[in-house]
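The file query-v2.cif comes next; it holds mmCIF, C-alpha atoms.
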```
data_start
loop_
_atom_site.group_PDB
_atom_site.id
_atom_site.type_symbol
_atom_site.label_atom_id
_atom_site.label_comp_id
_atom_site.auth_asym_id
_atom_site.auth_seq_id
_atom_site.Cartn_x
_atom_site.Cartn_y
_atom_site.Cartn_z
ATOM 1 C CA MET A 1 178.101 128.257 136.801
ATOM 2 C CA THR A 2 179.455 124.801 137.242
ATOM 3 C CA ALA A 3 180.572 122.371 139.851
ATOM 4 C CA GLU A 4 182.176 119.908 137.459
ATOM 5 C CA PRO A 5 185.914 119.437 137.001
ATOM 6 C CA LEU A 6 187.460 122.125 134.863
ATOM 7 C CA GLU A 7 187.975 120.768 131.356
ATOM 8 C CA ARG A 8 189.723 123.616 129.695
ATOM 9 C CA SER A 9 193.145 125.116 129.369
ATOM 10 C CA LEU A 10 194.360 128.675 129.433
ATOM 11 C CA ASP A 11 196.459 129.384 126.380
ATOM 12 C CA HIS A 12 199.220 131.995 126.203
ATOM 13 C CA ASP A 13 196.738 134.735 125.192
ATOM 14 C CA ASP A 14 194.607 134.239 128.360
ATOM 15 C CA ARG A 15 191.721 132.960 126.274
ATOM 16 C CA LEU A 16 189.690 130.070 127.562
ATOM 17 C CA ALA A 17 189.774 127.059 125.262
ATOM 18 C CA HIS A 18 186.960 124.513 125.563
ATOM 19 C CA PRO A 19 187.485 121.423 123.448
ATOM 20 C CA GLY A 20 183.841 120.338 123.819
ATOM 21 C CA LEU A 21 182.281 123.569 122.522
ATOM 22 C CA PRO A 22 181.499 124.367 118.892
ATOM 23 C CA PRO A 23 183.974 126.705 117.146
ATOM 24 C CA GLU A 24 181.468 129.592 117.106
ATOM 25 C CA ASP A 25 181.540 129.558 120.918
ATOM 26 C CA LEU A 26 185.316 130.082 121.070
ATOM 27 C CA PRO A 27 187.306 131.820 122.401
ATOM 28 C CA LEU A 28 186.267 133.573 125.596
ATOM 29 C CA ASP A 29 188.441 136.323 126.982
ATOM 30 C CA LEU A 30 188.546 136.599 130.789
ATOM 31 C CA ARG A 31 189.398 140.227 131.480
ATOM 32 C CA THR A 32 188.732 143.175 133.760
ATOM 33 C CA ALA A 33 185.453 144.951 133.019
ATOM 34 C CA ARG A 34 185.566 148.246 131.113
ATOM 35 C CA GLU A 35 183.289 151.247 131.324
ATOM 36 C CA SER A 36 182.051 150.440 127.826
ATOM 37 C CA ASP A 37 180.819 147.062 129.184
ATOM 38 C CA LEU A 38 178.217 148.648 131.476
ATOM 39 C CA PRO A 39 175.192 148.320 129.133
ATOM 40 C CA GLU A 40 176.104 144.699 128.406
ATOM 41 C CA LEU A 41 176.728 144.001 132.103
ATOM 42 C CA ARG A 42 173.238 145.279 132.863
ATOM 43 C CA ARG A 43 171.743 143.039 130.154
ATOM 44 C CA LEU A 44 173.696 140.036 131.432
ATOM 45 C CA ASP A 45 172.754 140.687 135.061
ATOM 46 C CA GLU A 46 169.063 140.992 134.130
ATOM 47 C CA GLU A 47 169.222 137.829 131.988
ATOM 48 C CA VAL A 48 170.738 135.732 134.759
ATOM 49 C CA PHE A 49 169.347 137.251 137.960
ATOM 50 C CA GLN A 50 165.993 138.568 136.643
ATOM 51 C CA ASP A 51 164.095 140.039 139.636
ATOM 52 C CA PHE A 52 167.287 140.131 141.701
ATOM 53 C CA ALA A 53 169.395 141.971 139.103
ATOM 54 C CA TYR A 54 171.301 145.044 140.186
ATOM 55 C CA PRO A 55 169.737 148.321 139.023
ATOM 56 C CA GLY A 56 171.815 150.049 136.352
ATOM 57 C CA PHE A 57 172.877 152.897 138.624
ATOM 58 C CA LEU A 58 174.203 150.441 141.217
ATOM 59 C CA LEU A 59 176.151 148.437 138.624
ATOM 60 C CA ARG A 60 177.733 151.755 137.585
ATOM 61 C CA GLN A 61 178.725 152.570 141.162
ATOM 62 C CA LEU A 62 180.035 149.061 141.808
ATOM 63 C CA PHE A 63 182.138 149.334 138.656
ATOM 64 C CA ASP A 64 183.498 152.719 139.763
ATOM 65 C CA MET A 65 184.416 151.401 143.209
ATOM 66 C CA TYR A 66 185.629 147.866 142.453
ATOM 67 C CA GLU A 67 186.797 147.915 138.847
ATOM 68 C CA GLU A 68 189.985 145.947 139.523
ATOM 69 C CA HIS A 69 187.938 143.020 140.900
ATOM 70 C CA PHE A 70 185.103 143.162 138.343
ATOM 71 C CA LEU A 71 185.960 140.457 135.802
ATOM 72 C CA VAL A 72 184.030 139.469 132.685
ATOM 73 C CA LEU A 73 183.948 136.714 130.087
ATOM 74 C CA ASP A 74 183.876 138.373 126.665
ATOM 75 C CA ASP A 75 182.938 136.231 123.652
ATOM 76 C CA GLY A 76 184.455 138.708 121.178
ATOM 77 C CA THR A 77 181.111 139.582 119.532
ATOM 78 C CA GLY A 78 180.091 142.310 121.955
ATOM 79 C CA ARG A 79 178.259 139.951 124.305
ATOM 80 C CA LEU A 80 179.427 139.103 127.778
ATOM 81 C CA ARG A 81 178.876 135.505 128.908
ATOM 82 C CA GLY A 82 179.678 135.880 132.596
ATOM 83 C CA TYR A 83 181.098 138.008 135.352
ATOM 84 C CA VAL A 84 182.355 137.976 138.914
ATOM 85 C CA LEU A 85 182.484 140.980 141.215
ATOM 86 C CA ALA A 86 184.388 141.216 144.495
ATOM 87 C CA ALA A 87 184.137 144.203 146.833
ATOM 88 C CA THR A 88 186.927 144.925 149.288
ATOM 89 C CA ARG A 89 186.904 147.150 152.340
ATOM 90 C CA THR A 90 189.313 150.061 152.423
ATOM 91 C CA ILE A 91 190.202 149.217 156.015
ATOM 92 C CA GLY A 92 190.839 145.584 156.776
ATOM 93 C CA ALA A 93 191.733 142.563 154.731
ATOM 94 C CA ASP A 94 188.375 141.136 153.766
ATOM 95 C CA SER A 95 186.224 141.029 150.671
ATOM 96 C CA TRP A 96 182.754 139.955 149.576
ATOM 97 C CA ILE A 97 181.835 138.274 146.302
ATOM 98 C CA LEU A 98 178.835 140.376 145.259
ATOM 99 C CA GLY A 99 178.026 138.511 142.084
ATOM 100 C CA LEU A 100 178.962 135.510 139.985
ATOM 101 C CA CYS A 101 177.075 134.535 136.874
ATOM 102 C CA VAL A 102 177.438 132.663 133.616
ATOM 103 C CA THR A 103 174.810 132.702 130.879
ATOM 104 C CA PRO A 104 172.668 129.542 130.804
ATOM 105 C CA ASP A 105 174.076 128.488 127.421
ATOM 106 C CA ARG A 106 177.646 128.524 128.786
ATOM 107 C CA ARG A 107 177.117 126.765 132.112
ATOM 108 C CA ARG A 108 178.672 123.402 133.002
ATOM 109 C CA HIS A 109 181.952 124.154 131.232
ATOM 110 C CA GLY A 110 183.985 125.378 134.241
ATOM 111 C CA LEU A 111 183.553 129.079 133.514
ATOM 112 C CA GLY A 112 182.161 129.999 136.946
ATOM 113 C CA ARG A 113 185.072 128.148 138.518
ATOM 114 C CA GLU A 114 187.568 129.983 136.309
ATOM 115 C CA LEU A 115 186.046 133.375 137.164
ATOM 116 C CA MET A 116 186.226 132.540 140.872
ATOM 117 C CA ARG A 117 189.798 131.250 140.684
ATOM 118 C CA GLU A 118 190.953 134.400 138.917
ATOM 119 C CA VAL A 119 189.243 136.821 141.284
ATOM 120 C CA LEU A 120 190.504 134.855 144.324
ATOM 121 C CA SER A 121 194.023 134.987 142.896
ATOM 122 C CA ARG A 122 193.764 138.761 142.490
ATOM 123 C CA LEU A 123 192.340 139.178 145.988
ATOM 124 C CA ARG A 124 195.175 137.090 147.457
ATOM 125 C CA ARG A 125 197.714 139.171 145.511
ATOM 126 C CA ASP A 126 196.131 142.327 146.947
ATOM 127 C CA GLY A 127 196.530 141.096 150.516
ATOM 128 C CA ILE A 128 192.952 140.000 151.206
ATOM 129 C CA LYS A 129 192.771 137.372 153.951
ATOM 130 C CA GLU A 130 189.024 136.531 154.118
ATOM 131 C CA VAL A 131 186.394 136.280 151.401
ATOM 132 C CA ARG A 132 182.679 135.891 152.043
ATOM 133 C CA LEU A 133 179.678 135.408 149.817
ATOM 134 C CA THR A 134 176.012 134.596 150.087
ATOM 135 C CA VAL A 135 174.172 131.953 148.125
ATOM 136 C CA GLU A 136 170.571 130.837 147.907
ATOM 137 C CA PRO A 137 170.366 127.741 150.149
ATOM 138 C CA ALA A 138 168.592 125.752 147.399
ATOM 139 C CA ASN A 139 171.290 126.521 144.785
ATOM 140 C CA LEU A 140 173.166 123.266 145.302
ATOM 141 C CA ALA A 141 175.315 123.611 142.165
ATOM 142 C CA ALA A 142 176.663 126.947 143.394
ATOM 143 C CA ILE A 143 177.166 125.654 146.938
ATOM 144 C CA PHE A 144 179.086 122.651 145.596
ATOM 145 C CA LEU A 145 181.247 124.955 143.452
ATOM 146 C CA TYR A 146 182.032 127.244 146.386
ATOM 147 C CA ARG A 147 182.779 124.306 148.701
ATOM 148 C CA SER A 148 185.127 122.829 146.071
ATOM 149 C CA LEU A 149 187.025 126.142 146.100
ATOM 150 C CA GLY A 150 187.402 125.966 149.885
ATOM 151 C CA PHE A 151 184.443 128.056 151.071
ATOM 152 C CA ARG A 152 182.676 126.810 154.198
ATOM 153 C CA PRO A 153 179.397 127.878 155.820
ATOM 154 C CA GLU A 154 180.011 130.666 158.293
ATOM 155 C CA GLU A 155 178.723 129.860 161.751
ATOM 156 C CA PRO A 156 176.377 130.027 163.530
ATOM 157 C CA ASP A 157 173.673 127.770 162.127
ATOM 158 C CA GLY A 158 175.665 126.527 159.153
ATOM 159 C CA GLY A 159 175.652 130.015 157.672
ATOM 160 C CA LEU A 160 171.874 130.071 157.152
ATOM 161 C CA ARG A 161 170.499 133.607 157.448
ATOM 162 C CA PRO A 162 166.697 133.685 157.228
ATOM 163 C CA ASP A 163 165.237 136.773 155.549
ATOM 164 C CA TYR A 164 168.755 138.029 154.687
ATOM 165 C CA PHE A 165 167.491 140.031 151.685
ATOM 166 C CA GLY A 166 163.995 140.573 153.100
ATOM 167 C CA PRO A 167 161.018 138.423 154.060
ATOM 168 C CA GLY A 168 161.340 134.926 152.618
ATOM 169 C CA VAL A 169 164.663 135.611 150.858
ATOM 170 C CA HIS A 170 167.062 133.383 152.778
ATOM 171 C CA ARG A 171 170.789 133.106 152.148
ATOM 172 C CA GLN A 172 173.672 130.967 153.264
ATOM 173 C CA VAL A 173 176.816 132.903 154.160
ATOM 174 C CA MET A 174 180.046 131.144 153.197
ATOM 175 C CA ARG A 175 183.620 132.095 154.009
ATOM 176 C CA LEU A 176 187.080 131.341 152.652
ATOM 177 C CA ASP A 177 190.343 132.159 154.434
ATOM 178 C CA LEU A 178 192.994 133.048 151.855
ATOM 179 C CA PRO A 179 196.479 131.921 152.807
ATOM 180 C CA GLY A 180 199.554 133.718 151.631
ATOM 181 C CA GLY A 181 199.614 137.133 150.092
ATOM 182 C CA PRO A 182 201.628 139.428 147.921
#
```
Give the structure from this file in structure tokens form.
Amino acid sequence: MTAEPLERSLDHDDRLAHPGLPPEDLPLDLRTARESDLPELRRLDEEVFQDFAYPGFLLRQLFDMYEEHFLVLDDGTGRLRGYVLAATRTIGADSWILGLCVTPDRRRHGLGRELMREVLSRLRRDGIKEVRLTVEPANLAAIFLYRSLGFRPEEPDGGLRPDYFGPGVHRQVMRLDLPGGP
């Protein structure tokens, strides 16, 4: 993911154009995940998150429950280069970003930002008023990206939650209030 200014444009086919990338890296299609993407989503999640990757059965269940807010970057060759997943409650107007990733070879080109902007737009359209996420406190690039999108640490203690995912696995909780709606 990136925290740099977005240097790309969205053409009329919703494909991401990146003038600085070689032709073989173009275009990327930002779209809703499909059931047929599940094996590739598992590979991507394991590549990026390694020991913290979702087990395959959980990715399947998350897809079944939150398909409309599970977005992927498809490079057109059968490989996914990124995803974002937002989970919304059935009662209430809040959502959690459960995952955002971009493959290492595609980082620093604004793709994480574009995934987040699109999912936030869809959440706003669907009437969501608050979005939360957690981030590793040492992941400064991600924190800068989220702050640039309007997320702020959720109090108390600047959002720091020691042992959030178990002993020694700390997280910072960040929150964004979404104005407007459908």
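Closest to Trp96 (chain A) among A:Leu73, A:Ile143, A:Leu62, A:Val131 is A:Val131, based on all atoms listed in the file.
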re CA of Ala93 (chain A) and CA of Ser121 (chain A): distance 14.2 Å
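Taking all atoms listed in the file, the non-local environment of Leu80 (chain A) within 8 Å (same-chain residues fewer than 5 positions away omitted) comprises Glu40, Leu41, Leu44, Val72, Leu73, Asp74 and Asp75 of chain A.
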How would the residues just chosen look if you wrote them out with C-alpha atoms as a PDB file, in the coordinates of the input?
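As a result, again33.pdb now contains:
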```pdb
ATOM      1  CA  GLU A  40     176.104 144.699 128.406  1.00  0.00           C
ATOM      2  CA  LEU A  41     176.728 144.001 132.103  1.00  0.00           C
ATOM      3  CA  LEU A  44     173.696 140.036 131.432  1.00  0.00           C
ATOM      4  CA  VAL A  72     184.030 139.469 132.685  1.00  0.00           C
ATOM      5  CA  LEU A  73     183.948 136.714 130.087  1.00  0.00           C
ATOM      6  CA  ASP A  74     183.876 138.373 126.665  1.00  0.00           C
ATOM      7  CA  ASP A  75     182.938 136.231 123.652  1.00  0.00           C
TER       8      ASP A  75
END
```
Once the PyMOL selection byres ((chain A and resi 150) around 10) has been applied to the shown file, what residues remain in the selection, as number ranges by chain?
A: 144-149, 151-152, 174-178
Which residues are close to Gly112 (chain A), i.e. within 10 Å by all atoms listed in the file, leaving aside same-chain residues fewer than 2 positions away? Reply as a PyMOL selection string.
chain A and resi 1-3+6+73+82-84+100-103+106-110+114-117+142+145-146
Taking the file as I've supplied it (selection: the PyMOL selection byres ((chain A and resi 69) around 8)), which residues are included? Please answer as a VMD selection string.
chain A and resid 32 66 to 68 70 to 71 84 to 87 119 122 to 123
For C-alpha atoms, I'd like the residues from the last selection saved as a compact mmCIF listing (two decimals), in the frame of the given file.
```
# COMPACT_ATOMS: atom_id res chain seq x y z
CA THR A 32 188.73 143.18 133.76
CA TYR A 66 185.63 147.87 142.45
CA GLU A 67 186.80 147.92 138.85
CA GLU A 68 189.98 145.95 139.52
CA PHE A 70 185.10 143.16 138.34
CA LEU A 71 185.96 140.46 135.80
CA VAL A 84 182.36 137.98 138.91
CA LEU A 85 182.48 140.98 141.22
CA ALA A 86 184.39 141.22 144.50
CA ALA A 87 184.14 144.20 146.83
CA VAL A 119 189.24 136.82 141.28
CA ARG A 122 193.76 138.76 142.49
CA LEU A 123 192.34 139.18 145.99
```
Close residues, region 166-171 of chain A itself excluded, 12 Å, only C-alpha atoms, min 6 positions apart in chain, as a list in words:
Phe52, Leu133, Thr134, Val135, Glu136, Pro137, Ala138, Asn139, Ile143, Pro153, Glu154, Asp157, Gly158, Gly159 and Leu160 of chain A
Near-Asp94 (chain A) list (9 Å; all atoms listed in the file; drop same-chain fewer than 3 positions) as a compact mmCIF listing (two decimals) with C-alpha atoms, in the coordinates of the input:
```txt
# COMPACT_ATOMS: atom_id res chain seq x y z
CA ALA A 87 184.14 144.20 146.83
CA THR A 88 186.93 144.93 149.29
CA ARG A 89 186.90 147.15 152.34
CA ILE A 91 190.20 149.22 156.01
CA LEU A 123 192.34 139.18 145.99
CA GLY A 127 196.53 141.10 150.52
CA ILE A 128 192.95 140.00 151.21
CA LYS A 129 192.77 137.37 153.95
CA GLU A 130 189.02 136.53 154.12
CA VAL A 131 186.39 136.28 151.40
CA ARG A 132 182.68 135.89 152.04
```
Give as a PyMOL selection string the residues that the PyMOL selection byres ((chain A and resi 56) around 10) matches when applied to the coordinates above.
chain A and resi 38-39+41-43+45-46+53-55+57-62
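Between Arg31 (chain A) and the candidates A:Gly76, A:Gln172, A:Glu155, A:Leu98, the tightest atom-to-atom separation, counting all atoms listed in the file, involves A:Gly76.
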Atomic distance CA of Ser36 (chain A) - CA of Gly99 (chain A), expressed in Å with one decimal:
19.0 Å
